[in-house]
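Presented below is the structure to which this report refers.
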Amino acid sequence: MVYVETGIVFPKWNEDENSKYRFRNKRSEVRITSRDDITVGVRSLQNSNNVENNSSYIAYNNVPMGATHFQGRLFITMPRRRVGIPSTLNYIDMIKDGNNPSPKLHAYPNFDTNDINSISQSNSQSLVSVYRTTTDLCQRLWFIDTGMLEYPNNHTQVKRPSIWIIDLKTDAVIKRFEIQPQIVESGRGLASITIDVRAQQCNKAFAYVPDLVSNQLYVYSLETDRIWTFRHNYFNFDPISGDLSIGGQTFRWNDGIFSTTLGAIQRNGYRDVYFHPMASTNEFVVSSSILQNETNAARSDHGRDFRILGNRGINKQSTMHEYDERTGIIFYDEIHRNGVGCWNTRKPFSAENHGTVAQDEARMIYPSDLTIDDNGTIWVMTNSMPLFIYSTLDSNTFNFRVWKQNVYEAAKNTICA
């Protein structure tokens with residue numbers, strides 16, 4: 001895969017001189033912990049209208065998480081897990097800055113929507129924190145605003161988590177759906193979203209939203225403006241697969257259902273929905289016909305609706321994955337192997353039928369996102385997240401990279417071809 005080494009540059013922003021970050025001693029640590037432990041619980045802004053913000057921009061704290069390409073714009077997300085992040089949803093103008101090793105990030109859809117100083121419970125048009133984005137056939141950008149500031153030891157649920165839809169032709173927000181507290185208590189586990197929609201039926205879209213903390217799967221219907229919850233043991237993490245060693249850091253994560261992706265349209269008009277917990281090497285599947293029927297969510301026994309496909313193999317834990325309809329291949333991030341893997345859906349799901357597209361223990365540390373655009377180009381974000389959490393990033397080198405490759409080239413010379 002080819003890549004663009006990226007630094008983080010916000011136009012017209014300079015680091016706050018009053019809040020310079022201090023580098024910790026660079027060392028390899030052993031910590032057995034879950035991802036950014038909450039040690040004091042989640043605070044809610046019930047009696048406050050504004051968010052306390054000690055610094056407008058701290059370069060070190062801006063770690064990109066998601067990457068989605070659409071017609072010359074590469075959308076980059078910056079979840080607010082530390083202070084000093086001016087904009088959580090951004091884009092790179094690939095025409096102007098595509099060859100720049102440190103491309104500029106432009107707030108999307110504008111800076112006012114991302115401005116942390118405008119965040120409050122009463123302002124529904126402001127964004128708090130976004131992990132990943134996706135686009136659909138109707139040229140719309142979808143994402144979850146978790147509504148939470150995940151500052152260490154100070155997790156604050158500023159507002160209710162919400163589903164956003166933006167028209168990419170006009171950059172106008174066309175929908176914001178607030179997720180009710182009876183569905184999800186906090187937004188901490190809402191890190192991805194997948195859209196199921198047919199061409200010419202844009203108003204009948206469904207969104208599948210995994211909750212990696214509560215181990216649940218939410219289904220949202222745009223047509224009815226309703227959301228419902230599925231629960232299943234297959235959404236839980238595998239305790240055998242939770243011990244990780246990435247970038248010299250050893251730790252334990254318990255992330256449950258993390259990613260969903262859609263297979264080919266079948267004769268009955270529905271699709272297979274593939275999913276997996278991140279702390280697992282297993283892959284599972286359920287028909288979209290099951291998920292799109294709200295009454296099915298109330299059943300206590302789902303019978304054989306949810307099925308296990310098989311195991312990818314040792315150390316093949318994955319964050320994001322996506323099915324490519326051109327090749328019939330599912331490409332997926334491999335966090336433990338620091339690379340990208342693949343499986344051809346026409347072959348049995350077994351370890352022997354999983355291939356390696358790319359792997360680099362030095363430059364591909366922690367692939368956090370993988371998307372495929374309309375042109376058949378795979379986009380992968382690697383962001384060295386375990387080093388950021390448990391050690392120290394080296395500010396003298398590139399820590400974040402966006403990789404891209406055509407789906408056919410990616411599969412070439414692998415078992416997936």
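Here, A, B, ... name the chains of the structure tokens in the order displayed, residue numbers run from 1 inside each chain, and ligands are numbered from 1 in the same displayed order.
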Return as JSON lines the residues of segment 263-324 of chain A lying at most 10 Å from segment 370-392 of chain A, together with the closest atom-to-atom pair for each and the distance in Å to one decimal, counting only C-alpha atoms, with rows in chain order and ascending residue number.
{"residue": "A:Thr319", "atom": "CA", "partner": "A:Leu370", "partner_atom": "CA", "distance": 8.6}
{"residue": "A:Met320", "atom": "CA", "partner": "A:Leu370", "partner_atom": "CA", "distance": 5.7}
{"residue": "A:His321", "atom": "CA", "partner": "A:Leu370", "partner_atom": "CA", "distance": 6.2}
{"residue": "A:Glu322", "atom": "CA", "partner": "A:Thr371", "partner_atom": "CA", "distance": 6.4}
{"residue": "A:Tyr323", "atom": "CA", "partner": "A:Ile372", "partner_atom": "CA", "distance": 8.3}
{"residue": "A:Asp324", "atom": "CA", "partner": "A:Ile372", "partner_atom": "CA", "distance": 7.3}
Could you make a table, as JSON lines, of the residues of segment 207-262 of chain A that have an atom within 12 Å of an atom of segment 197-200 of chain A, each with its nearest atom pair and distance in Å to one decimal, counting only C-alpha atoms, in chain and number order?
{"residue": "A:Ala207", "atom": "CA", "partner": "A:Val197", "partner_atom": "CA", "distance": 8.7}
{"residue": "A:Tyr208", "atom": "CA", "partner": "A:Val197", "partner_atom": "CA", "distance": 11.2}
{"residue": "A:Tyr220", "atom": "CA", "partner": "A:Val197", "partner_atom": "CA", "distance": 11.9}
{"residue": "A:Ser221", "atom": "CA", "partner": "A:Val197", "partner_atom": "CA", "distance": 10.4}
{"residue": "A:Leu222", "atom": "CA", "partner": "A:Val197", "partner_atom": "CA", "distance": 10.0}
{"residue": "A:Glu223", "atom": "CA", "partner": "A:Val197", "partner_atom": "CA", "distance": 11.1}
{"residue": "A:Leu262", "atom": "CA", "partner": "A:Val197", "partner_atom": "CA", "distance": 10.4}
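Put simply, atom CA of Tyr131 of chain A is 9.7 Å away from atom CA of Ser368 of chain A.
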(message) Using only C-alpha atoms, can you tell me which of A:Phe75, A:Ile246, A:Val83, A:Thr134 comes closest to Lys104 of chain A?
(response) A:Phe75
(request) Return as a ChimeraX atom specification the full set of residues in segment 76-192 of chain A whose backbone-based DSSP assignment is strand (DSSP E). (result) /A:76-77,89-93,106-107,130-135,140-145,148-151,154-157,162-167,172-178
(request) Determine, counting only C-alpha atoms, which protein, DNA and RNA residues have an atom within 8 Å of an atom of Leu212 of chain A; residues of the same chain fewer than 6 positions away are not included. Present the result as a count of residues only. (result) 8
(message) Residues of segment 147-294 of chain A classed as alpha helix (DSSP H) by DSSP on the backbone are to be reported as a VMD selection string.
(response) chain A and resid 288 to 291
(request) Tell me which protein, DNA and RNA residues are within 12 Å of Ala297 of chain A, counting only C-alpha atoms, leaving out same-chain ones fewer than 5 positions away, and put them as a count of residues only. (result) 16
Kindly provide the residues of segment 153-228 of chain A that approach segment 66-71 of chain A to within 12 Å, each paired with its closest atom pair and their distance in Å to one decimal, based on only C-alpha atoms, listed by chain and increasing number, as JSON lines.
{"residue": "A:Asp167", "atom": "CA", "partner": "A:Phe70", "partner_atom": "CA", "distance": 12.0}
{"residue": "A:Leu168", "atom": "CA", "partner": "A:Phe70", "partner_atom": "CA", "distance": 8.6}
{"residue": "A:Lys169", "atom": "CA", "partner": "A:Gln71", "partner_atom": "CA", "distance": 10.4}
{"residue": "A:Ala191", "atom": "CA", "partner": "A:Gly66", "partner_atom": "CA", "distance": 9.6}
{"residue": "A:Ser192", "atom": "CA", "partner": "A:Gly66", "partner_atom": "CA", "distance": 9.3}
{"residue": "A:Ile193", "atom": "CA", "partner": "A:Gly66", "partner_atom": "CA", "distance": 11.6}
(request) Return the single residue from A:Ile76, A:Ile179, A:Val286, A:Leu393 that is closest to His106 of chain A, with distances computed using only C-alpha atoms. (result) A:Ile76
Using only C-alpha atoms, tabulate the residues of segment 79-144 of chain A lying at most 12 Å from any atom of segment 183-188 of chain A, each with its closest atom pair and that distance in Å to one decimal, by chain and increasing residue number, as JSON lines.
{"residue": "A:Pro79", "atom": "CA", "partner": "A:Arg188", "partner_atom": "CA", "distance": 10.7}
{"residue": "A:Arg80", "atom": "CA", "partner": "A:Arg188", "partner_atom": "CA", "distance": 11.1}
{"residue": "A:Arg81", "atom": "CA", "partner": "A:Arg188", "partner_atom": "CA", "distance": 10.5}
{"residue": "A:Val128", "atom": "CA", "partner": "A:Gly187", "partner_atom": "CA", "distance": 10.6}
{"residue": "A:Ser129", "atom": "CA", "partner": "A:Gly187", "partner_atom": "CA", "distance": 9.4}
{"residue": "A:Val130", "atom": "CA", "partner": "A:Gly187", "partner_atom": "CA", "distance": 10.2}
{"residue": "A:Tyr131", "atom": "CA", "partner": "A:Arg188", "partner_atom": "CA", "distance": 10.1}
{"residue": "A:Ile144", "atom": "CA", "partner": "A:Gly187", "partner_atom": "CA", "distance": 8.7}
Serialized selection, all heavy atoms, as an mmCIF file, in the first residue's frame:
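Generated output (result27.cif):
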data_model
loop_
_atom_site.group_PDB
_atom_site.id
_atom_site.type_symbol
_atom_site.label_atom_id
_atom_site.label_comp_id
_atom_site.auth_asym_id
_atom_site.auth_seq_id
_atom_site.Cartn_x
_atom_site.Cartn_y
_atom_site.Cartn_z
ATOM 1 N N PRO A 79 -11.283 12.603 17.735
ATOM 2 C CA PRO A 79 -12.102 12.490 18.939
ATOM 3 C C PRO A 79 -11.505 13.303 20.077
ATOM 4 O O PRO A 79 -10.278 13.353 20.232
ATOM 5 C CB PRO A 79 -12.078 10.995 19.261
ATOM 6 C CG PRO A 79 -11.533 10.323 18.057
ATOM 7 C CD PRO A 79 -10.734 11.319 17.299
ATOM 8 N N ARG A 80 -12.347 13.939 20.847
ATOM 9 C CA ARG A 80 -11.852 14.786 21.938
ATOM 10 C C ARG A 80 -11.585 13.928 23.177
ATOM 11 O O ARG A 80 -12.372 13.865 24.112
ATOM 12 C CB ARG A 80 -12.843 15.911 22.209
ATOM 13 C CG ARG A 80 -12.767 17.007 21.135
ATOM 14 C CD ARG A 80 -13.628 18.202 21.464
ATOM 15 N NE ARG A 80 -13.272 19.337 20.628
ATOM 16 C CZ ARG A 80 -14.127 19.950 19.793
ATOM 17 N NH1 ARG A 80 -15.382 19.531 19.697
ATOM 18 N NH2 ARG A 80 -13.732 20.973 19.082
ATOM 19 N N ARG A 81 -10.416 13.289 23.150
ATOM 20 C CA ARG A 81 -9.955 12.466 24.275
ATOM 21 C C ARG A 81 -8.950 13.213 25.143
ATOM 22 O O ARG A 81 -8.512 12.702 26.174
ATOM 23 C CB ARG A 81 -9.330 11.169 23.742
ATOM 24 C CG ARG A 81 -10.314 10.314 22.963
ATOM 25 C CD ARG A 81 -9.639 9.159 22.282
ATOM 26 N NE ARG A 81 -9.045 8.224 23.219
ATOM 27 C CZ ARG A 81 -9.128 6.909 23.108
ATOM 28 N NH1 ARG A 81 -9.810 6.379 22.101
ATOM 29 N NH2 ARG A 81 -8.551 6.113 23.967
ATOM 30 N N VAL A 128 -19.384 17.567 19.583
ATOM 31 C CA VAL A 128 -18.516 17.337 20.735
ATOM 32 C C VAL A 128 -17.339 16.449 20.342
ATOM 33 O O VAL A 128 -16.185 16.844 20.416
ATOM 34 C CB VAL A 128 -19.302 16.711 21.902
ATOM 35 C CG1 VAL A 128 -18.365 16.495 23.104
ATOM 36 C CG2 VAL A 128 -20.470 17.598 22.307
ATOM 37 N N SER A 129 -17.626 15.217 19.894
ATOM 38 C CA SER A 129 -16.535 14.271 19.603
ATOM 39 C C SER A 129 -16.998 13.224 18.595
ATOM 40 O O SER A 129 -18.008 12.548 18.815
ATOM 41 C CB SER A 129 -16.074 13.587 20.896
ATOM 42 O OG SER A 129 -14.941 12.773 20.675
ATOM 43 N N VAL A 130 -16.237 13.089 17.515
ATOM 44 C CA VAL A 130 -16.561 12.139 16.444
ATOM 45 C C VAL A 130 -15.387 11.193 16.240
ATOM 46 O O VAL A 130 -14.243 11.628 16.142
ATOM 47 C CB VAL A 130 -16.870 12.881 15.126
ATOM 48 C CG1 VAL A 130 -17.165 11.882 14.003
ATOM 49 C CG2 VAL A 130 -18.027 13.861 15.303
ATOM 50 N N TYR A 131 -15.677 9.890 16.171
ATOM 51 C CA TYR A 131 -14.630 8.890 15.980
ATOM 52 C C TYR A 131 -14.423 8.526 14.511
ATOM 53 O O TYR A 131 -13.303 8.518 14.021
ATOM 54 C CB TYR A 131 -14.957 7.622 16.779
ATOM 55 C CG TYR A 131 -14.413 7.663 18.184
ATOM 56 C CD1 TYR A 131 -15.094 8.343 19.190
ATOM 57 C CD2 TYR A 131 -13.217 7.037 18.501
ATOM 58 C CE1 TYR A 131 -14.588 8.380 20.483
ATOM 59 C CE2 TYR A 131 -12.696 7.073 19.784
ATOM 60 C CZ TYR A 131 -13.388 7.753 20.772
ATOM 61 O OH TYR A 131 -12.876 7.799 22.036
ATOM 62 N N ILE A 144 -21.496 9.479 14.139
ATOM 63 C CA ILE A 144 -22.016 9.590 15.495
ATOM 64 C C ILE A 144 -21.236 10.671 16.230
ATOM 65 O O ILE A 144 -20.002 10.655 16.244
ATOM 66 C CB ILE A 144 -21.856 8.267 16.268
ATOM 67 C CG1 ILE A 144 -22.616 7.137 15.586
ATOM 68 C CG2 ILE A 144 -22.329 8.429 17.715
ATOM 69 C CD1 ILE A 144 -24.106 7.211 15.711
#
Need to verify the contact set: His354 of chain A, 12 Å, only C-alpha atoms, exclusion of same-chain residues closer than 3 positions in sequence. Can you return it as an mmCIF file with all heavy atoms, in the first residue's frame?
data_model
loop_
_atom_site.group_PDB
_atom_site.id
_atom_site.type_symbol
_atom_site.label_atom_id
_atom_site.label_comp_id
_atom_site.auth_asym_id
_atom_site.auth_seq_id
_atom_site.Cartn_x
_atom_site.Cartn_y
_atom_site.Cartn_z
ATOM 1 N N THR A 281 -10.976 -12.686 17.695
ATOM 2 C CA THR A 281 -10.507 -13.036 16.351
ATOM 3 C C THR A 281 -11.607 -13.761 15.572
ATOM 4 O O THR A 281 -11.356 -14.308 14.501
ATOM 5 C CB THR A 281 -9.246 -13.930 16.429
ATOM 6 O OG1 THR A 281 -9.530 -15.072 17.231
ATOM 7 C CG2 THR A 281 -8.074 -13.164 17.016
ATOM 8 N N GLY A 310 -16.448 -18.003 11.742
ATOM 9 C CA GLY A 310 -15.218 -18.727 12.028
ATOM 10 C C GLY A 310 -14.197 -17.800 12.658
ATOM 11 O O GLY A 310 -14.513 -16.692 13.105
ATOM 12 N N ASN A 311 -12.959 -18.269 12.681
ATOM 13 C CA ASN A 311 -11.866 -17.561 13.335
ATOM 14 C C ASN A 311 -10.830 -17.131 12.299
ATOM 15 O O ASN A 311 -10.440 -17.920 11.436
ATOM 16 C CB ASN A 311 -11.232 -18.459 14.392
ATOM 17 C CG ASN A 311 -10.289 -17.717 15.296
ATOM 18 O OD1 ASN A 311 -9.168 -17.403 14.900
ATOM 19 N ND2 ASN A 311 -10.719 -17.443 16.516
ATOM 20 N N ARG A 312 -10.394 -15.873 12.389
ATOM 21 C CA ARG A 312 -9.412 -15.359 11.428
ATOM 22 C C ARG A 312 -8.021 -15.929 11.652
ATOM 23 O O ARG A 312 -7.203 -15.954 10.734
ATOM 24 C CB ARG A 312 -9.354 -13.823 11.519
ATOM 25 C CG ARG A 312 -10.573 -13.128 10.952
ATOM 26 C CD ARG A 312 -10.394 -11.615 10.955
ATOM 27 N NE ARG A 312 -10.327 -11.075 12.302
ATOM 28 C CZ ARG A 312 -11.389 -10.718 13.030
ATOM 29 N NH1 ARG A 312 -12.596 -10.851 12.517
ATOM 30 N NH2 ARG A 312 -11.257 -10.234 14.240
ATOM 31 N N GLY A 313 -7.703 -16.325 12.878
ATOM 32 C CA GLY A 313 -6.384 -16.856 13.175
ATOM 33 C C GLY A 313 -5.749 -16.137 14.352
ATOM 34 O O GLY A 313 -6.258 -15.132 14.863
ATOM 35 N N ILE A 314 -4.614 -16.635 14.790
ATOM 36 C CA ILE A 314 -3.923 -16.088 15.960
ATOM 37 C C ILE A 314 -3.487 -14.644 15.710
ATOM 38 O O ILE A 314 -2.982 -14.305 14.647
ATOM 39 C CB ILE A 314 -2.694 -16.958 16.298
ATOM 40 C CG1 ILE A 314 -3.149 -18.383 16.651
ATOM 41 C CG2 ILE A 314 -1.904 -16.359 17.451
ATOM 42 C CD1 ILE A 314 -2.004 -19.343 16.862
ATOM 43 N N LYS A 316 -5.124 -11.973 15.151
ATOM 44 C CA LYS A 316 -5.799 -11.253 14.076
ATOM 45 C C LYS A 316 -6.999 -10.460 14.599
ATOM 46 O O LYS A 316 -8.070 -10.448 14.005
ATOM 47 C CB LYS A 316 -6.223 -12.217 12.972
ATOM 48 C CG LYS A 316 -5.072 -12.593 12.028
ATOM 49 C CD LYS A 316 -5.553 -13.471 10.896
ATOM 50 C CE LYS A 316 -4.475 -13.603 9.814
ATOM 51 N NZ LYS A 316 -4.322 -12.392 9.004
ATOM 52 N N ILE A 329 -14.430 -9.112 -1.632
ATOM 53 C CA ILE A 329 -13.445 -9.281 -0.562
ATOM 54 C C ILE A 329 -13.770 -8.346 0.602
ATOM 55 O O ILE A 329 -14.152 -7.193 0.400
ATOM 56 C CB ILE A 329 -12.027 -8.996 -1.079
ATOM 57 C CG1 ILE A 329 -11.635 -10.033 -2.135
ATOM 58 C CG2 ILE A 329 -11.002 -8.988 0.062
ATOM 59 C CD1 ILE A 329 -10.317 -9.725 -2.833
ATOM 60 N N ILE A 330 -13.602 -8.859 1.806
ATOM 61 C CA ILE A 330 -13.639 -8.014 2.999
ATOM 62 C C ILE A 330 -12.201 -7.692 3.388
ATOM 63 O O ILE A 330 -11.390 -8.600 3.624
ATOM 64 C CB ILE A 330 -14.362 -8.709 4.170
ATOM 65 C CG1 ILE A 330 -15.866 -8.825 3.864
ATOM 66 C CG2 ILE A 330 -14.155 -7.933 5.468
ATOM 67 C CD1 ILE A 330 -16.653 -9.525 4.962
ATOM 68 N N PHE A 331 -11.876 -6.416 3.428
ATOM 69 C CA PHE A 331 -10.575 -5.948 3.894
ATOM 70 C C PHE A 331 -10.731 -5.490 5.344
ATOM 71 O O PHE A 331 -11.753 -4.887 5.699
ATOM 72 C CB PHE A 331 -10.066 -4.802 3.028
ATOM 73 C CG PHE A 331 -9.802 -5.199 1.601
ATOM 74 C CD1 PHE A 331 -10.781 -5.047 0.619
ATOM 75 C CD2 PHE A 331 -8.573 -5.719 1.221
ATOM 76 C CE1 PHE A 331 -10.554 -5.415 -0.698
ATOM 77 C CE2 PHE A 331 -8.322 -6.090 -0.094
ATOM 78 C CZ PHE A 331 -9.321 -5.938 -1.053
ATOM 79 N N TYR A 332 -9.723 -5.737 6.165
ATOM 80 C CA TYR A 332 -9.874 -5.386 7.582
ATOM 81 C C TYR A 332 -8.537 -4.974 8.204
ATOM 82 O O TYR A 332 -7.462 -5.445 7.817
ATOM 83 C CB TYR A 332 -10.478 -6.561 8.377
ATOM 84 C CG TYR A 332 -9.734 -7.876 8.273
ATOM 85 C CD1 TYR A 332 -8.716 -8.196 9.166
ATOM 86 C CD2 TYR A 332 -10.072 -8.803 7.284
ATOM 87 C CE1 TYR A 332 -8.048 -9.411 9.082
ATOM 88 C CE2 TYR A 332 -9.413 -10.020 7.191
ATOM 89 C CZ TYR A 332 -8.400 -10.319 8.100
ATOM 90 O OH TYR A 332 -7.737 -11.511 8.004
ATOM 91 N N GLU A 334 -5.739 -4.943 11.042
ATOM 92 C CA GLU A 334 -5.193 -5.910 11.990
ATOM 93 C C GLU A 334 -4.341 -5.161 13.005
ATOM 94 O O GLU A 334 -3.209 -4.775 12.713
ATOM 95 C CB GLU A 334 -4.356 -6.968 11.268
ATOM 96 C CG GLU A 334 -5.152 -7.879 10.363
ATOM 97 C CD GLU A 334 -4.305 -8.996 9.791
ATOM 98 O OE1 GLU A 334 -3.384 -8.700 9.014
ATOM 99 O OE2 GLU A 334 -4.555 -10.160 10.144
ATOM 100 N N VAL A 340 -2.983 -4.843 7.347
ATOM 101 C CA VAL A 340 -4.300 -4.985 6.736
ATOM 102 C C VAL A 340 -4.434 -6.407 6.214
ATOM 103 O O VAL A 340 -3.541 -6.920 5.528
ATOM 104 C CB VAL A 340 -4.502 -3.978 5.587
ATOM 105 C CG1 VAL A 340 -5.835 -4.230 4.875
ATOM 106 C CG2 VAL A 340 -4.442 -2.546 6.113
ATOM 107 N N GLY A 341 -5.543 -7.054 6.550
ATOM 108 C CA GLY A 341 -5.805 -8.404 6.091
ATOM 109 C C GLY A 341 -6.979 -8.446 5.133
ATOM 110 O O GLY A 341 -7.644 -7.430 4.873
ATOM 111 N N CYS A 342 -7.275 -9.641 4.600
ATOM 112 C CA CYS A 342 -8.370 -9.783 3.647
ATOM 113 C C CYS A 342 -8.956 -11.181 3.702
ATOM 114 O O CYS A 342 -8.282 -12.144 4.093
ATOM 115 C CB CYS A 342 -7.904 -9.457 2.227
ATOM 116 S SG CYS A 342 -6.614 -10.578 1.581
ATOM 117 N N TRP A 343 -10.225 -11.281 3.295
ATOM 118 C CA TRP A 343 -10.902 -12.562 3.148
ATOM 119 C C TRP A 343 -11.863 -12.475 1.968
ATOM 120 O O TRP A 343 -12.672 -11.544 1.884
ATOM 121 C CB TRP A 343 -11.680 -12.936 4.411
ATOM 122 C CG TRP A 343 -12.617 -14.099 4.215
ATOM 123 C CD1 TRP A 343 -12.279 -15.371 3.855
ATOM 124 C CD2 TRP A 343 -14.043 -14.092 4.353
ATOM 125 N NE1 TRP A 343 -13.403 -16.162 3.753
ATOM 126 C CE2 TRP A 343 -14.509 -15.409 4.066
ATOM 127 C CE3 TRP A 343 -14.971 -13.114 4.704
ATOM 128 C CZ2 TRP A 343 -15.862 -15.746 4.108
ATOM 129 C CZ3 TRP A 343 -16.316 -13.452 4.750
ATOM 130 C CH2 TRP A 343 -16.748 -14.765 4.450
ATOM 131 N N ASN A 344 -11.759 -13.414 1.041
ATOM 132 C CA ASN A 344 -12.656 -13.473 -0.101
ATOM 133 C C ASN A 344 -13.915 -14.216 0.326
ATOM 134 O O ASN A 344 -13.857 -15.388 0.712
ATOM 135 C CB ASN A 344 -11.981 -14.194 -1.275
ATOM 136 C CG ASN A 344 -12.756 -14.045 -2.568
ATOM 137 O OD1 ASN A 344 -13.981 -14.086 -2.587
ATOM 138 N ND2 ASN A 344 -12.025 -13.863 -3.667
ATOM 139 N N THR A 345 -15.064 -13.515 0.264
ATOM 140 C CA THR A 345 -16.310 -14.088 0.772
ATOM 141 C C THR A 345 -16.788 -15.283 -0.044
ATOM 142 O O THR A 345 -17.723 -15.975 0.372
ATOM 143 C CB THR A 345 -17.417 -13.015 0.791
ATOM 144 O OG1 THR A 345 -17.591 -12.488 -0.536
ATOM 145 C CG2 THR A 345 -17.058 -11.879 1.732
ATOM 146 N N ARG A 346 -16.166 -15.545 -1.183
ATOM 147 C CA ARG A 346 -16.526 -16.723 -1.976
ATOM 148 C C ARG A 346 -15.851 -17.992 -1.456
ATOM 149 O O ARG A 346 -16.129 -19.087 -1.944
ATOM 150 C CB ARG A 346 -16.155 -16.501 -3.443
ATOM 151 C CG ARG A 346 -16.840 -15.293 -4.085
ATOM 152 C CD ARG A 346 -16.430 -15.126 -5.540
ATOM 153 N NE ARG A 346 -17.048 -13.967 -6.156
ATOM 154 C CZ ARG A 346 -16.506 -12.758 -6.174
ATOM 155 N NH1 ARG A 346 -15.324 -12.570 -5.605
ATOM 156 N NH2 ARG A 346 -17.126 -11.758 -6.752
ATOM 157 N N LYS A 347 -14.949 -17.822 -0.499
ATOM 158 C CA LYS A 347 -14.221 -18.960 0.061
ATOM 159 C C LYS A 347 -14.667 -19.207 1.496
ATOM 160 O O LYS A 347 -15.195 -18.320 2.156
ATOM 161 C CB LYS A 347 -12.711 -18.689 0.023
ATOM 162 C CG LYS A 347 -12.152 -18.491 -1.380
ATOM 163 C CD LYS A 347 -10.652 -18.246 -1.351
ATOM 164 C CE LYS A 347 -10.106 -18.066 -2.769
ATOM 165 N NZ LYS A 347 -8.634 -17.848 -2.768
ATOM 166 N N PRO A 348 -14.464 -20.433 1.997
ATOM 167 C CA PRO A 348 -14.815 -20.721 3.393
ATOM 168 C C PRO A 348 -14.064 -19.796 4.352
ATOM 169 O O PRO A 348 -12.934 -19.392 4.081
ATOM 170 C CB PRO A 348 -14.370 -22.182 3.578
ATOM 171 C CG PRO A 348 -14.367 -22.753 2.198
ATOM 172 C CD PRO A 348 -13.955 -21.633 1.289
ATOM 173 N N PHE A 349 -14.718 -19.486 5.466
ATOM 174 C CA PHE A 349 -14.089 -18.613 6.450
ATOM 175 C C PHE A 349 -13.205 -19.467 7.358
ATOM 176 O O PHE A 349 -13.657 -20.082 8.314
ATOM 177 C CB PHE A 349 -15.147 -17.875 7.274
ATOM 178 C CG PHE A 349 -14.598 -16.712 8.054
ATOM 179 C CD1 PHE A 349 -14.727 -15.423 7.576
ATOM 180 C CD2 PHE A 349 -13.949 -16.910 9.266
ATOM 181 C CE1 PHE A 349 -14.221 -14.346 8.291
ATOM 182 C CE2 PHE A 349 -13.438 -15.843 9.989
ATOM 183 C CZ PHE A 349 -13.577 -14.550 9.500
ATOM 184 N N SER A 350 -11.926 -19.503 7.039
ATOM 185 C CA SER A 350 -10.950 -20.247 7.836
ATOM 186 C C SER A 350 -9.650 -19.470 7.827
ATOM 187 O O SER A 350 -9.415 -18.633 6.949
ATOM 188 C CB SER A 350 -10.726 -21.650 7.271
ATOM 189 O OG SER A 350 -10.187 -21.583 5.959
ATOM 190 N N ALA A 351 -8.800 -19.755 8.790
ATOM 191 C CA ALA A 351 -7.534 -19.028 8.896
ATOM 192 C C ALA A 351 -6.704 -19.145 7.623
ATOM 193 O O ALA A 351 -6.005 -18.203 7.225
ATOM 194 C CB ALA A 351 -6.740 -19.534 10.100
ATOM 195 N N VAL A 357 -2.512 -8.135 3.233
ATOM 196 C CA VAL A 357 -2.380 -7.109 2.197
ATOM 197 C C VAL A 357 -1.149 -6.258 2.443
ATOM 198 O O VAL A 357 -0.383 -5.942 1.528
ATOM 199 C CB VAL A 357 -3.645 -6.220 2.156
ATOM 200 C CG1 VAL A 357 -3.447 -5.031 1.225
ATOM 201 C CG2 VAL A 357 -4.846 -7.048 1.729
ATOM 202 N N ALA A 411 -5.418 -6.915 -3.368
ATOM 203 C CA ALA A 411 -5.662 -8.368 -3.299
ATOM 204 C C ALA A 411 -4.649 -9.181 -4.083
ATOM 205 O O ALA A 411 -4.495 -10.379 -3.870
ATOM 206 C CB ALA A 411 -7.068 -8.676 -3.809
ATOM 207 N N THR A 414 -2.278 -12.376 -3.054
ATOM 208 C CA THR A 414 -2.743 -12.879 -1.768
ATOM 209 C C THR A 414 -3.722 -14.025 -2.023
ATOM 210 O O THR A 414 -4.203 -14.215 -3.145
ATOM 211 C CB THR A 414 -3.449 -11.794 -0.940
ATOM 212 O OG1 THR A 414 -4.747 -11.539 -1.496
ATOM 213 C CG2 THR A 414 -2.642 -10.509 -0.900
ATOM 214 N N ILE A 415 -4.057 -14.744 -0.970
ATOM 215 C CA ILE A 415 -5.031 -15.829 -1.071
ATOM 216 C C ILE A 415 -6.418 -15.305 -1.438
ATOM 217 O O ILE A 415 -7.291 -16.060 -1.889
ATOM 218 C CB ILE A 415 -5.088 -16.602 0.269
ATOM 219 C CG1 ILE A 415 -5.900 -17.899 0.130
ATOM 220 C CG2 ILE A 415 -5.654 -15.743 1.362
ATOM 221 C CD1 ILE A 415 -5.276 -18.940 -0.731
ATOM 222 N N CYS A 416 -6.612 -13.992 -1.266
ATOM 223 C CA CYS A 416 -7.924 -13.380 -1.533
ATOM 224 C C CYS A 416 -8.170 -13.104 -2.998
ATOM 225 O O CYS A 416 -9.309 -12.834 -3.391
ATOM 226 C CB CYS A 416 -8.049 -12.073 -0.747
ATOM 227 S SG CYS A 416 -7.733 -12.248 1.023
ATOM 228 N N ALA A 417 -7.143 -13.130 -3.824
ATOM 229 C CA ALA A 417 -7.293 -12.764 -5.234
ATOM 230 C C ALA A 417 -8.201 -13.744 -5.959
ATOM 231 O O ALA A 417 -8.185 -14.948 -5.646
ATOM 232 C CB ALA A 417 -5.923 -12.708 -5.895
#
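Closest approach to Ala358 of chain A from the set A:Tyr408, A:Tyr274, A:Trp403, A:Tyr60 is made by A:Trp403, with distances taken over only C-alpha atoms.
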(request) Do a neighbour search on Met364 of chain A at 7 Å with only C-alpha atoms, toss out local chain neighbours closer than 2 positions, and write the hits as a list in words. (result) Asn338, Gly339, Gln359, Asp360, Glu361, Ala362, Tyr366, Pro367 and Thr382 of chain A
(request) Would you work out the distance separating atom CA of Arg271 of chain A from atom CA of Pro210 of chain A, expressed in Å to one decimal? (result) 17.3 Å
